[in-house]
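Everything below concerns the one structure shown next.
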Amino acid sequence: MNSPAFRSALEATGYLDAEGRPAPGMTVSGSEVPPRLRAVITDERVGLKAEAVFSAQGAPANIFKDAGGDPPTASDLRSWYEAAWNVGVAPLLWIVTPTEVRLYDCYATPDELSDTLEPPELERFQLDSPDRLRALDAACGRLTTETGAFWSSHIGSRIDRRHRVDRELLAEISALEDQLVQQTPVDASPRARALARDIAQRFIGRCIFTWYLLDRGLAQPFLPADLPSDLGQMFATPESALGLFGWLRTTFNGDLFPMDDPGAEREHLTAGHLEPIRDFIEGRSLIPERKGQGRLFRFRFNAIPIDLISSIYQQFARSSALDEANAQSLHYTPVELVHLALDPIFEQFPVGGAVIDPACGSGAFLVEAFRRLVWRESEGRPASRDVVRKVLREQLFGIDLNRSALGIAAFSLYLAALELDEDPIDDLVDLKFDRLIGRTLFEADSLGSLPDQVTSMEFAAVVGNPPWTFVSQSEAAAKPASQDDDPPRPRRSPDWAFLNLAARLAGQNGRVGMVMKATPFFSKDKQAIAARSDLLQRMTPTALINLSFLRREKLFPDAVGPALLFLARCALSTTKDRLLVGSIPWTPDFRRTGVFNVGPSEIRSIPLDRVLSIPPFLKAATFGSVRDGWLIERLEREFPTLGEALDRIGIKARTHRGQGFKIKGKEQTKSPEDYFDLKVVTPENFTPFRLREPLDDFDYPTLHRTRSRAIFKGPLLLCSKVGSEAAAQRGRYSSAVTESDNLYTQGFFGVSFAEADTRFAYLLSGIFNSCLTAFQFALGGPTWGLERPTVEPHDLLSLRVPHLGGINQTQLTAVLDADRVAAENPNDRDALMALDRAVFDLYDLEPEEAVLAAGAVDQARYLIFENRKERARFVQPAADGEMRDYARQIVSTVDAYLRSRGERHLEAHIYDRTLIAPNYEGLIPGVTAIRLTMSLGAPGAEPVVRDGNAADLAVLVRLLRGRFEADVPPYLNERRQLRIYSDDALFILKPSERRYWTQTIGLNDADVILADHWLRRRDGAPRT
C-alpha cells in the first residue's frame, strides 16, 4: 500500500501480510469497491479518499487513511475526521502519519473547537515503539476486531453507535420539527393545528433536499439569479424560502414532493419558522439539553449515505401519522437489519433481475436493493445515468397501503438515483425524473388485488419486513381459503400471508428475504405446523436465522416482537433436502455496537425431513444444537404426551383436570357456595414440590369463570403457568402436590388424582421439577425465548412423559424417593441433581443425552429471564472448573470413537490466562483457547486434561496471523469461534463467556472435531 509508515502499521496489526497482501475482509483502493464503501474510498466530493476499509462480523469496522510522507495539518485531520463521521459506516478511523497512528471515533463528533486546533483523537500510537505497536494490535488489530474483542478494548468500549451521524441528525430533525410545530399558536383554528406537523415536515424535507443538492454541487449551475446560493440565505425570509420551494417544484418532477400544497405553505410560513431552520443549517443544536451550542462538525450531505438519509426521513415522518402507523403495524427497519437480510440475497444475484417489496413502507429495502442492483449492472465500474435510471424504472417495485409512506419511498429512491449517477449534470433535464408512484410504486393492498404490472412479472427477489399484526380490509373480509385455492397460514399471523405472496411472486426460481415474526415458525399449533411444512417444501432451499434473543435490545426502535430472518433460494443454502438454521446470540453491547455476531459457528444444517416429521426438532436445532434436536426427536417418538398418559389412567379433560378459576373479566358469575369452604393457591403462596401453609381464604363474591368442583379435589398436582419464578431453581419448571382439596387460580393447571393412583401425582411432580422438563419447554416448547415465559395448558399437555401404566417399579421408587428428598429441601442442589438422575434413568437416557438435559436449566434461564442483569451471568468468563468439564467432555466423546482401535487417545490442555483479556465491567468477553493433541496409546478410564504451557498461545497467535484464506461469504467473515489445526495440535478459540464452554457445547464441539477428522482423512490436508 502507499507510504512505508502505513504499510508498517497494517503489517504490525495483521491487516497486511509480510508481502503486503490484504487480509480477508479488506477492501482496498484500486480494487472493486462495493457501493456502501465508495463514499469512503473513491468519492472525490466526500474528500476522505481512504486507502482501505476492513469489515468484520458483517459490517465495516476500520477506515484506514494514509497521511502520506508529511505530517498532516490540523485542517487535514479535521477534514478527514469530519468526512468519516458524516459517512458513518464504520466506528473507527485510523490516520497513519509518518510517525504514528491516530485513532478517531467515527460515531461521535467532538465539541466545538477553534479552527486552528486538531480534533481530539481516542489515542496515538508511535510507530517506532514496539510496545505501542503491540498495544495497538491488542486494542484493534485484525485478530481483536475479527473475534469481536475490539469492543471490550479501552478503545472500543468508548465508542457508541447511539452518537452516530444518523442518530444525531435524527435528534436534531426531531427537535426542529417540534419547534416548527410550536410556531402554530395554541388558539389557531383546528385545521391549522392539524396541519402544523405536516407543514413542518414539508419545510424540513425541502431543506434536506436542497442541502443535499448544494453539498453535491448539483443545484448551483441552475439556480435562478434572484435565489441566493447559500442555504442559510435561502431560508432568510419567507419570500426567499417560498421562492426556493417554487424553483424546486418547477425543476423536479416525479414524486419528489408528495405532500406538496403551495397554498398551505404560503399561508403558514412565518419568520418564526425560519429561525430554527437556520440554526439547524448553521450547526447550532436544537436539542433541548444542548440548545444553541455549536458543532465542530456540520452535517455534510455529500458524505452522509443515502440509506442513512432515507432511514432518518422514515423515522421522523412517522410522527405525524403515528396512530395510523401503529394501527398498520408499520415499524422502522434499522439499516443494519436491512443489510443482514440483503447480503445473502444479492450473493450471485442474476444480472437484470427485478426486486419487489410487497410491504415497502418508506423504502428501506428498496433503497439498499437499488444500490446493489446498480453495482451489479455496472459490474463495478462507475454507473452511468442510463444504467441508474434503467434500474429505477425496470428492476425496483414496491407496494404499500400508505400513500405517505410511498411518497417517502419515492423521495428516497430519487436521492439514491442522484447519488449513484456518476455522469456529469449538464442540463436541468438531467435532474428530472419519471414518476414512480403508479408505475413501479403502487398504492394498493398486496393481499387483495395486485396491480397488473406486478402480476405480469416474475421477480428475482422478494424482500421486506411486512406488518406482523395488521390485517387489511380485504383480508378481514375474505373467507378462509380452502386448501385447494390458497396455501395454509398460521392463526393470528398476517405477515405469513405476505410470505405466501412472496413465494408466488418469486415463481420457481426467485429468492425471498423477509423479516418475519418468529413465533409461527416454532409453534405447535396444527395450522402453524401445516403452514410451516408447506412453505419449507415449496421454497427449498431455505435458511432461518432467529433474531429473538435481541428483541429487548432495541433491534427495532419501537417494537419488541421476536423476529426471524427467512431466506429462500439464496446462495447461503443450496441443498434442497436440508435446512439452514441458527440464532444470532444476545450480546451485552448490541445496543451500543449494532453488530450482529453471525458467523459459520452460529449456523447449522439440519435434515428437512426431520423438521417435517418432528415439528419441535426445528426449535431445538435453532435455539440449541443438532444434538438437542436428536433428543427432542427421541422423546417425541418414544413417549406419549402428558394428555395421552392421563387419558390412559382415566384422568379426563374438564372432569379431572383443567385450568383454575378466573377472577377478572367483563361478565361475572356468582361464586359457588362450596368454594368458600376451601383454601386458594395463588402464584404468591405457591411453593414447589409441596404446598406449604398458610394458603389464602376464598373471598370473591363473583368470578369471571368458575370451574367444576371435581378438578379441585385432592390429591392434586398443581402445575404453574408462570415459568420458573417460583421454581426450586431459576430455569426449572415447577409443580407441587397437595393431598387436600384446594382451589387454584387461572395461573395453574391442576390434575386431580382422587380417582387414580396417587403415586403418579408425585411421580409427575418429580418429572416436572426436573431439568428434563426444563429441556423440553426451552428447546421444544413454543413460547420460552420467544414471547412469554409461560406454560399454557396445551404446552403442558404436549410434554412427553413415560407410559404411567408400564413403569419399572424400581425406577418409579427411585423417582418418588428423590422427589420426597427434594421436597424436604427444595434449595438443596445435590437433592435436585439426584432427582434429575432418577428421572434420566426413568427415561433411559444415554450419558450424552443426560449431559444435554442437565445443561437445560441454564438454557431455560437464558430464555425465560430476558433482562440484562440475568443474562450477564452467561457472558462472564468460564471458571477453571467449567473449562475442565468442557475439556473432559470433548476428550471423552472423541475417545469413545478412538477406543475401538485402541491406538491413540485425545488429550486437552487448558490455560490459566485468556488469549485476549475481557472487560469485566463492560460485560464484554475476551477470547479463550484450549489445545487438543493426539497421543499414542489406547484411551484410559478417565479423560486426560492437562495444564497448558503459556508458550503455546504465542504459537497460536502466529498461526492466526498467517491465516489469510477465507472460504465463507464476506457477511459471515467472523471469527469469534475458530478451530485452528497445526502440525501436531488443534486449537479451539472462542469468547471467554461461560455459555461457550459448557459440557453441552463440549459434546457439540466433539462432533465437529470428528467430522473434521473424516474430512482430513479423505483429503489428506488439515483444515485451517
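Ordering of the C-alpha cells sets the chain letters (A, B, ...); residue numbers start at 1 within each chain; ligands are numbered from 1 in the order shown.
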TODO: List every residue of segment 481-645 of chain A that DSSP, applied to the backbone of this structure, assigns to strand (DSSP E), and report them as JSON, numbers by chain.
DONE: {"A": [511, 512, 513, 514, 515, 516, 517, 542, 543, 544, 545, 546, 563, 564, 565, 566, 567, 568, 578, 579, 580, 581, 582, 583, 603, 604, 605, 606, 607]}
Please produce a file of the residues just selected, as a compact mmCIF listing (two decimals), in the first residue's frame, where the atoms kept are C-alpha atoms.
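See result34.txt below for the written result:
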# COMPACT_ATOMS: atom_id res chain seq x y z
CA ARG A 511 -35.26 -15.57 -3.95
CA VAL A 512 -37.02 -14.43 -0.81
CA GLY A 513 -35.51 -12.47 2.07
CA MET A 514 -38.02 -11.24 4.64
CA VAL A 515 -38.00 -10.25 8.30
CA MET A 516 -40.82 -12.23 9.90
CA LYS A 517 -42.37 -12.76 13.29
CA THR A 542 -34.32 -22.31 2.96
CA ALA A 543 -32.42 -20.69 5.83
CA LEU A 544 -33.99 -19.44 9.08
CA ILE A 545 -31.96 -17.03 11.22
CA ASN A 546 -33.50 -16.46 14.64
CA ALA A 563 -38.00 -11.62 14.76
CA LEU A 564 -36.73 -14.22 12.34
CA LEU A 565 -34.95 -13.77 9.02
CA PHE A 566 -36.46 -16.01 6.34
CA LEU A 567 -34.15 -16.64 3.38
CA ALA A 568 -35.06 -18.88 0.45
CA ARG A 578 -31.56 -29.68 4.14
CA LEU A 579 -32.47 -26.54 6.08
CA LEU A 580 -30.01 -23.98 7.44
CA VAL A 581 -30.91 -22.70 10.91
CA GLY A 582 -29.22 -20.61 13.55
CA SER A 583 -29.61 -17.90 16.16
CA ILE A 603 -25.46 -21.60 11.56
CA ARG A 604 -26.04 -25.33 11.16
CA SER A 605 -27.50 -27.62 8.55
CA ILE A 606 -30.33 -29.99 9.51
CA PRO A 607 -32.33 -32.56 7.54
Open item on the list: I'd like the contact shell of segment 5-8 of chain A - 8 Å cut-off, only C-alpha atoms, skipping same-chain residues fewer than 3 positions apart - returned as a list in words.
Closed with: Met1, Asn2, Glu11, Ala12, Leu16, Gly20, Asp66, Val96, Thr97, Pro98, Thr99 and Leu127 of chain A
Task: Which of A:Asp1007, A:Glu336, A:Glu907, A:Glu368 sits closest to Gly948 of chain A [using only C-alpha atoms] - done: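 Ranked by minimum distance to Gly948 of chain A, first place goes to A:Glu907.
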Open item on the list: Need to verify the contact set: Leu816 of chain A, 12 Å, only C-alpha atoms, exclusion of same-chain residues closer than 3 positions in sequence. Can you return it as a PyMOL selection string?
Closed with: chain A and resi 689+758-767+809-813+819-823+834-836+838-839+842
Open item on the list: Between A:Tyr212, A:Phe749, A:Phe442, A:Phe150, which residue has the minimum interatomic distance to Gly407 of chain A, considering only C-alpha atoms?
Closed with: A:Phe442
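When only C-alpha atoms are used to compute distances to Pro782 of chain A, the closest of the residues A:Thr237, A:Ser523, A:Gln179, A:Ser456 turns out to be A:Ser523.
Using only C-alpha atoms, the shortest contact distance between Ala1006 of chain A and any of A:Arg284, A:Lys670, A:Lys662, A:Arg627 is found at A:Arg627.
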Open item on the list: For Val851 of chain A, find every residue with an atom within 10 Å (counting only C-alpha atoms), except residues of its own chain fewer than 2 positions away, and show them as a VMD selection string.
Closed with: chain A and resid 845 to 849 853 to 856 889 998 to 1003
Put those residues in a file: all heavy atoms, as a CSV table (one decimal), in the first residue's frame.
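Listed below is the output, out.csv:
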chain,number,residue,atom,x,y,z
A,845,LEU,N,-32.1,-42.4,29.5
A,845,LEU,CA,-31.2,-41.5,28.7
A,845,LEU,C,-29.8,-42.1,28.6
A,845,LEU,O,-29.3,-42.6,29.6
A,845,LEU,CB,-31.2,-40.1,29.3
A,845,LEU,CG,-32.5,-39.3,29.3
A,845,LEU,CD1,-32.2,-37.8,29.7
A,845,LEU,CD2,-33.3,-39.3,28.0
A,846,GLU,N,-29.2,-41.9,27.5
A,846,GLU,CA,-27.8,-42.2,27.3
A,846,GLU,C,-27.0,-41.1,28.0
A,846,GLU,O,-27.5,-40.0,28.3
A,846,GLU,CB,-27.4,-42.2,25.8
A,846,GLU,CG,-28.1,-43.3,25.0
A,846,GLU,CD,-27.7,-44.7,25.4
A,846,GLU,OE1,-26.6,-44.8,25.9
A,846,GLU,OE2,-28.4,-45.6,25.1
A,847,PRO,N,-25.7,-41.4,28.4
A,847,PRO,CA,-24.9,-40.4,29.1
A,847,PRO,C,-24.8,-39.1,28.4
A,847,PRO,O,-24.9,-38.0,29.0
A,847,PRO,CB,-23.5,-41.1,29.2
A,847,PRO,CG,-23.8,-42.5,29.1
A,847,PRO,CD,-25.0,-42.7,28.2
A,848,GLU,N,-24.7,-39.1,27.0
A,848,GLU,CA,-24.6,-37.8,26.3
A,848,GLU,C,-25.9,-37.1,26.3
A,848,GLU,O,-26.0,-35.9,26.4
A,848,GLU,CB,-24.2,-38.1,24.8
A,848,GLU,CG,-22.8,-38.6,24.6
A,848,GLU,CD,-22.7,-40.1,24.8
A,848,GLU,OE1,-23.7,-40.7,25.1
A,848,GLU,OE2,-21.6,-40.6,24.7
A,849,GLU,N,-27.1,-37.8,26.3
A,849,GLU,CA,-28.4,-37.2,26.4
A,849,GLU,C,-28.6,-36.6,27.8
A,849,GLU,O,-29.2,-35.5,27.9
A,849,GLU,CB,-29.5,-38.2,26.1
A,849,GLU,CG,-29.5,-38.7,24.7
A,849,GLU,CD,-30.4,-39.9,24.5
A,849,GLU,OE1,-30.7,-40.6,25.4
A,849,GLU,OE2,-31.0,-40.0,23.4
A,853,ALA,N,-29.6,-32.7,28.9
A,853,ALA,CA,-30.7,-32.4,29.8
A,853,ALA,C,-30.2,-31.6,31.0
A,853,ALA,O,-30.9,-30.6,31.4
A,853,ALA,CB,-31.4,-33.6,30.2
A,854,ALA,N,-29.0,-32.0,31.5
A,854,ALA,CA,-28.5,-31.3,32.7
A,854,ALA,C,-28.2,-29.9,32.4
A,854,ALA,O,-28.3,-29.0,33.3
A,854,ALA,CB,-27.3,-32.1,33.2
A,855,GLY,N,-27.8,-29.6,31.2
A,855,GLY,CA,-27.5,-28.2,30.8
A,855,GLY,C,-28.7,-27.3,30.5
A,855,GLY,O,-28.5,-26.1,30.3
A,856,ALA,N,-29.8,-27.9,30.5
A,856,ALA,CA,-31.0,-27.2,30.1
A,856,ALA,C,-31.5,-26.2,31.1
A,856,ALA,O,-32.2,-25.2,30.7
A,856,ALA,CB,-32.2,-28.2,29.8
A,889,GLN,N,-15.4,-33.4,28.5
A,889,GLN,CA,-16.5,-33.8,27.6
A,889,GLN,C,-16.0,-34.0,26.2
A,889,GLN,O,-16.3,-35.0,25.6
A,889,GLN,CB,-17.6,-32.8,27.7
A,889,GLN,CG,-18.9,-33.3,27.0
A,889,GLN,CD,-19.5,-34.5,27.7
A,889,GLN,OE1,-19.8,-34.4,28.9
A,889,GLN,NE2,-19.5,-35.6,27.0
A,998,THR,N,-19.5,-24.9,28.1
A,998,THR,CA,-20.3,-25.9,28.9
A,998,THR,C,-20.1,-27.3,28.4
A,998,THR,O,-19.5,-27.5,27.3
A,998,THR,CB,-21.8,-25.5,28.8
A,998,THR,OG1,-22.2,-25.8,27.5
A,998,THR,CG2,-22.1,-24.1,29.2
A,999,GLN,N,-20.5,-28.2,29.2
A,999,GLN,CA,-20.4,-29.6,28.8
A,999,GLN,C,-21.2,-29.9,27.5
A,999,GLN,O,-20.8,-30.7,26.7
A,999,GLN,CB,-20.8,-30.6,29.9
A,999,GLN,CG,-19.8,-30.7,31.0
A,999,GLN,CD,-20.3,-31.7,32.1
A,999,GLN,OE1,-20.9,-31.4,33.1
A,999,GLN,NE2,-20.0,-33.0,31.8
A,1000,THR,N,-22.4,-29.3,27.5
A,1000,THR,CA,-23.3,-29.4,26.3
A,1000,THR,C,-22.5,-29.0,25.0
A,1000,THR,O,-22.5,-29.6,24.0
A,1000,THR,CB,-24.6,-28.7,26.5
A,1000,THR,OG1,-25.3,-29.2,27.6
A,1000,THR,CG2,-25.4,-28.8,25.2
A,1001,ILE,N,-21.9,-27.8,25.1
A,1001,ILE,CA,-21.1,-27.3,24.0
A,1001,ILE,C,-19.9,-28.2,23.7
A,1001,ILE,O,-19.6,-28.4,22.5
A,1001,ILE,CB,-20.6,-25.9,24.3
A,1001,ILE,CG1,-21.8,-24.9,24.5
A,1001,ILE,CG2,-19.7,-25.4,23.2
A,1001,ILE,CD1,-22.7,-24.8,23.3
A,1002,GLY,N,-19.3,-28.8,24.7
A,1002,GLY,CA,-18.3,-29.8,24.5
A,1002,GLY,C,-18.7,-31.0,23.7
A,1002,GLY,O,-17.9,-31.4,22.8
A,1003,LEU,N,-19.9,-31.4,23.9
A,1003,LEU,CA,-20.4,-32.5,23.1
A,1003,LEU,C,-20.5,-32.1,21.6
A,1003,LEU,O,-20.1,-32.8,20.7
A,1003,LEU,CB,-21.8,-32.9,23.6
A,1003,LEU,CG,-22.0,-34.0,24.6
A,1003,LEU,CD1,-23.5,-34.1,25.0
A,1003,LEU,CD2,-21.5,-35.3,24.0
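For Asp230 of chain A, the list of residues within 12 Å, based on only C-alpha atoms and with local chain neighbours fewer than 2 positions off taken out, reads Cys207, Thr210, Trp211, Leu213, Leu214, Asp215, Gly217, Ala219, Gln220, Leu223, Leu227, Pro228, Gly232, Gln233, Met234, Phe235, Ala236, Ser240, Ala241, Leu244, Arg278, Ile281 and Glu282 of chain A.
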- [ ] Work out how far atom CA of Leu959 of chain A is from atom CA of Ile988 of chain A, in Å to one decimal.
- [x]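 Separation between atom CA of Ile988 of chain A and atom CA of Leu959 of chain A: 12.3 Å.
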TODO: Check the smallest atom-to-atom distance from each of A:Arg206, A:Arg788, A:Lys619, A:Arg249 to Val722 of chain A using only C-alpha atoms, then report the winner.
DONE: A:Arg788
Task: Residue neighbourhood segment 674-679 of chain A, 8 Å, only C-alpha atoms, exclusion window fewer than 2 positions, as a ChimeraX atom specification - done: /A:671-672,681,695-699,741-743
Mind writing the picked residues with all heavy atoms as a PDB file, in the first residue's frame?
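Resulting contents of out_20.pdb:
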ATOM      1  N   SER A 671     -70.069 -16.721  42.659  1.00  0.00           N
ATOM      2  CA  SER A 671     -69.176 -17.803  43.055  1.00  0.00           C
ATOM      3  C   SER A 671     -69.970 -18.934  43.705  1.00  0.00           C
ATOM      4  O   SER A 671     -70.877 -18.676  44.525  1.00  0.00           O
ATOM      5  CB  SER A 671     -68.113 -17.301  44.028  1.00  0.00           C
ATOM      6  OG  SER A 671     -67.329 -16.278  43.439  1.00  0.00           O
ATOM      7  N   PRO A 672     -69.644 -20.214  43.389  1.00  0.00           N
ATOM      8  CA  PRO A 672     -70.329 -21.341  44.029  1.00  0.00           C
ATOM      9  C   PRO A 672     -70.136 -21.313  45.549  1.00  0.00           C
ATOM     10  O   PRO A 672     -69.070 -20.946  46.056  1.00  0.00           O
ATOM     11  CB  PRO A 672     -69.650 -22.556  43.402  1.00  0.00           C
ATOM     12  CG  PRO A 672     -69.113 -22.060  42.098  1.00  0.00           C
ATOM     13  CD  PRO A 672     -68.709 -20.644  42.351  1.00  0.00           C
ATOM     14  N   VAL A 681     -54.888 -21.540  46.234  1.00  0.00           N
ATOM     15  CA  VAL A 681     -53.484 -21.491  45.847  1.00  0.00           C
ATOM     16  C   VAL A 681     -53.323 -20.382  44.808  1.00  0.00           C
ATOM     17  O   VAL A 681     -54.043 -20.341  43.811  1.00  0.00           O
ATOM     18  CB  VAL A 681     -53.011 -22.834  45.250  1.00  0.00           C
ATOM     19  CG1 VAL A 681     -51.529 -22.761  44.896  1.00  0.00           C
ATOM     20  CG2 VAL A 681     -53.281 -23.974  46.224  1.00  0.00           C
ATOM     21  N   LEU A 695     -52.354 -20.983  53.250  1.00  0.00           N
ATOM     22  CA  LEU A 695     -52.933 -20.596  51.970  1.00  0.00           C
ATOM     23  C   LEU A 695     -54.001 -19.532  52.213  1.00  0.00           C
ATOM     24  O   LEU A 695     -54.405 -19.292  53.343  1.00  0.00           O
ATOM     25  CB  LEU A 695     -53.530 -21.818  51.272  1.00  0.00           C
ATOM     26  CG  LEU A 695     -52.562 -22.964  50.967  1.00  0.00           C
ATOM     27  CD1 LEU A 695     -53.306 -24.119  50.301  1.00  0.00           C
ATOM     28  CD2 LEU A 695     -51.401 -22.503  50.092  1.00  0.00           C
ATOM     29  N   ASP A 696     -54.474 -18.909  51.145  1.00  0.00           N
ATOM     30  CA  ASP A 696     -55.427 -17.809  51.268  1.00  0.00           C
ATOM     31  C   ASP A 696     -56.857 -18.328  51.389  1.00  0.00           C
ATOM     32  O   ASP A 696     -57.203 -19.406  50.880  1.00  0.00           O
ATOM     33  CB  ASP A 696     -55.346 -16.895  50.044  1.00  0.00           C
ATOM     34  CG  ASP A 696     -53.981 -16.224  49.917  1.00  0.00           C
ATOM     35  OD1 ASP A 696     -53.169 -16.338  50.861  1.00  0.00           O
ATOM     36  OD2 ASP A 696     -53.722 -15.598  48.872  1.00  0.00           O
ATOM     37  N   ASP A 697     -57.701 -17.528  52.066  1.00  0.00           N
ATOM     38  CA  ASP A 697     -59.145 -17.798  52.078  1.00  0.00           C
ATOM     39  C   ASP A 697     -59.745 -17.345  50.754  1.00  0.00           C
ATOM     40  O   ASP A 697     -59.264 -16.408  50.109  1.00  0.00           O
ATOM     41  CB  ASP A 697     -59.823 -17.035  53.216  1.00  0.00           C
ATOM     42  CG  ASP A 697     -59.407 -17.568  54.578  1.00  0.00           C
ATOM     43  OD1 ASP A 697     -59.179 -18.782  54.699  1.00  0.00           O
ATOM     44  OD2 ASP A 697     -59.293 -16.747  55.516  1.00  0.00           O
ATOM     45  N   PHE A 698     -60.822 -18.011  50.351  1.00  0.00           N
ATOM     46  CA  PHE A 698     -61.542 -17.582  49.158  1.00  0.00           C
ATOM     47  C   PHE A 698     -62.557 -16.517  49.561  1.00  0.00           C
ATOM     48  O   PHE A 698     -63.416 -16.758  50.418  1.00  0.00           O
ATOM     49  CB  PHE A 698     -62.257 -18.770  48.514  1.00  0.00           C
ATOM     50  CG  PHE A 698     -63.013 -18.394  47.272  1.00  0.00           C
ATOM     51  CD1 PHE A 698     -62.370 -18.295  46.050  1.00  0.00           C
ATOM     52  CD2 PHE A 698     -64.374 -18.111  47.329  1.00  0.00           C
ATOM     53  CE1 PHE A 698     -63.059 -17.917  44.910  1.00  0.00           C
ATOM     54  CE2 PHE A 698     -65.074 -17.732  46.191  1.00  0.00           C
ATOM     55  CZ  PHE A 698     -64.409 -17.641  44.976  1.00  0.00           C
ATOM     56  N   ASP A 699     -62.481 -15.327  48.947  1.00  0.00           N
ATOM     57  CA  ASP A 699     -63.380 -14.241  49.345  1.00  0.00           C
ATOM     58  C   ASP A 699     -63.876 -13.432  48.143  1.00  0.00           C
ATOM     59  O   ASP A 699     -64.056 -12.222  48.235  1.00  0.00           O
ATOM     60  CB  ASP A 699     -62.698 -13.321  50.363  1.00  0.00           C
ATOM     61  CG  ASP A 699     -61.412 -12.710  49.834  1.00  0.00           C
ATOM     62  OD1 ASP A 699     -61.042 -13.013  48.670  1.00  0.00           O
ATOM     63  OD2 ASP A 699     -60.765 -11.935  50.561  1.00  0.00           O
ATOM     64  N   ASP A 741     -58.167 -30.990  49.275  1.00  0.00           N
ATOM     65  CA  ASP A 741     -58.890 -30.214  48.260  1.00  0.00           C
ATOM     66  C   ASP A 741     -58.467 -28.760  48.376  1.00  0.00           C
ATOM     67  O   ASP A 741     -58.376 -28.206  49.474  1.00  0.00           O
ATOM     68  CB  ASP A 741     -60.398 -30.303  48.487  1.00  0.00           C
ATOM     69  CG  ASP A 741     -60.933 -31.708  48.293  1.00  0.00           C
ATOM     70  OD1 ASP A 741     -60.113 -32.622  48.049  1.00  0.00           O
ATOM     71  OD2 ASP A 741     -62.163 -31.876  48.372  1.00  0.00           O
ATOM     72  N   ASN A 742     -58.204 -28.146  47.223  1.00  0.00           N
ATOM     73  CA  ASN A 742     -57.836 -26.724  47.195  1.00  0.00           C
ATOM     74  C   ASN A 742     -58.321 -26.087  45.908  1.00  0.00           C
ATOM     75  O   ASN A 742     -58.319 -26.717  44.842  1.00  0.00           O
ATOM     76  CB  ASN A 742     -56.313 -26.537  47.284  1.00  0.00           C
ATOM     77  CG  ASN A 742     -55.752 -26.778  48.666  1.00  0.00           C
ATOM     78  OD1 ASN A 742     -55.032 -27.733  48.884  1.00  0.00           O
ATOM     79  ND2 ASN A 742     -56.096 -25.907  49.611  1.00  0.00           N
ATOM     80  N   LEU A 743     -58.745 -24.831  46.032  1.00  0.00           N
ATOM     81  CA  LEU A 743     -58.984 -24.040  44.842  1.00  0.00           C
ATOM     82  C   LEU A 743     -57.646 -23.515  44.314  1.00  0.00           C
ATOM     83  O   LEU A 743     -56.672 -23.415  45.061  1.00  0.00           O
ATOM     84  CB  LEU A 743     -59.892 -22.853  45.158  1.00  0.00           C
ATOM     85  CG  LEU A 743     -61.301 -23.161  45.675  1.00  0.00           C
ATOM     86  CD1 LEU A 743     -61.992 -21.872  46.082  1.00  0.00           C
ATOM     87  CD2 LEU A 743     -62.106 -23.914  44.643  1.00  0.00           C
TER      88      LEU A 743
END
- [ ] List every residue of segment 311-460 of chain A that DSSP, applied to the backbone of this structure, assigns to alpha helix (DSSP H), and report them as JSON, numbers by chain.
- [x] {"A": [311, 312, 313, 314, 315, 316, 317, 322, 323, 324, 325, 326, 327, 335, 336, 337, 338, 339, 340, 341, 342, 343, 344, 345, 364, 365, 366, 367, 368, 369, 370, 371, 372, 373, 374, 375, 376, 377, 385, 386, 387, 388, 389, 390, 391, 392, 393, 394, 403, 404, 405, 406, 407, 408, 409, 410, 411, 412, 413, 414, 415, 416, 417, 418, 419, 420, 452, 453, 454, 455]}
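Counting only C-alpha atoms, Leu401 of chain A has the following residues at most 7 Å away, ignoring those fewer than 6 positions along the same chain: Glu443, Ala444 and Asp445 of chain A.
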File of the preceding selection, C-alpha atoms, as a CSV table (one decimal), in the first residue's frame:
chain,number,residue,atom,x,y,z
A,443,GLU,CA,-50.7,2.3,-3.5
A,444,ALA,CA,-52.5,-1.0,-3.1
A,445,ASP,CA,-53.4,-3.8,-0.7
TODO: Between atom CA of Val945 of chain A and atom CA of Ala887 of chain A, measure the distance and give it in Å to one decimal.
DONE: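 Calculated distance between atom CA of Val945 of chain A and atom CA of Ala887 of chain A is 6.7 Å.
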Task: Best match for closeness to Leu92 of chain A among A:Leu786, A:Ala645, A:Leu122, A:Leu176, counting only C-alpha atoms - done: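 Answer, going by the shortest atom-to-atom distance: A:Leu122.
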Open item on the list: Using Å and a single decimal, report how far atom CA of Phe549 of chain A sits from atom CA of Pro600 of chain A.
Closed with: 17.9 Å
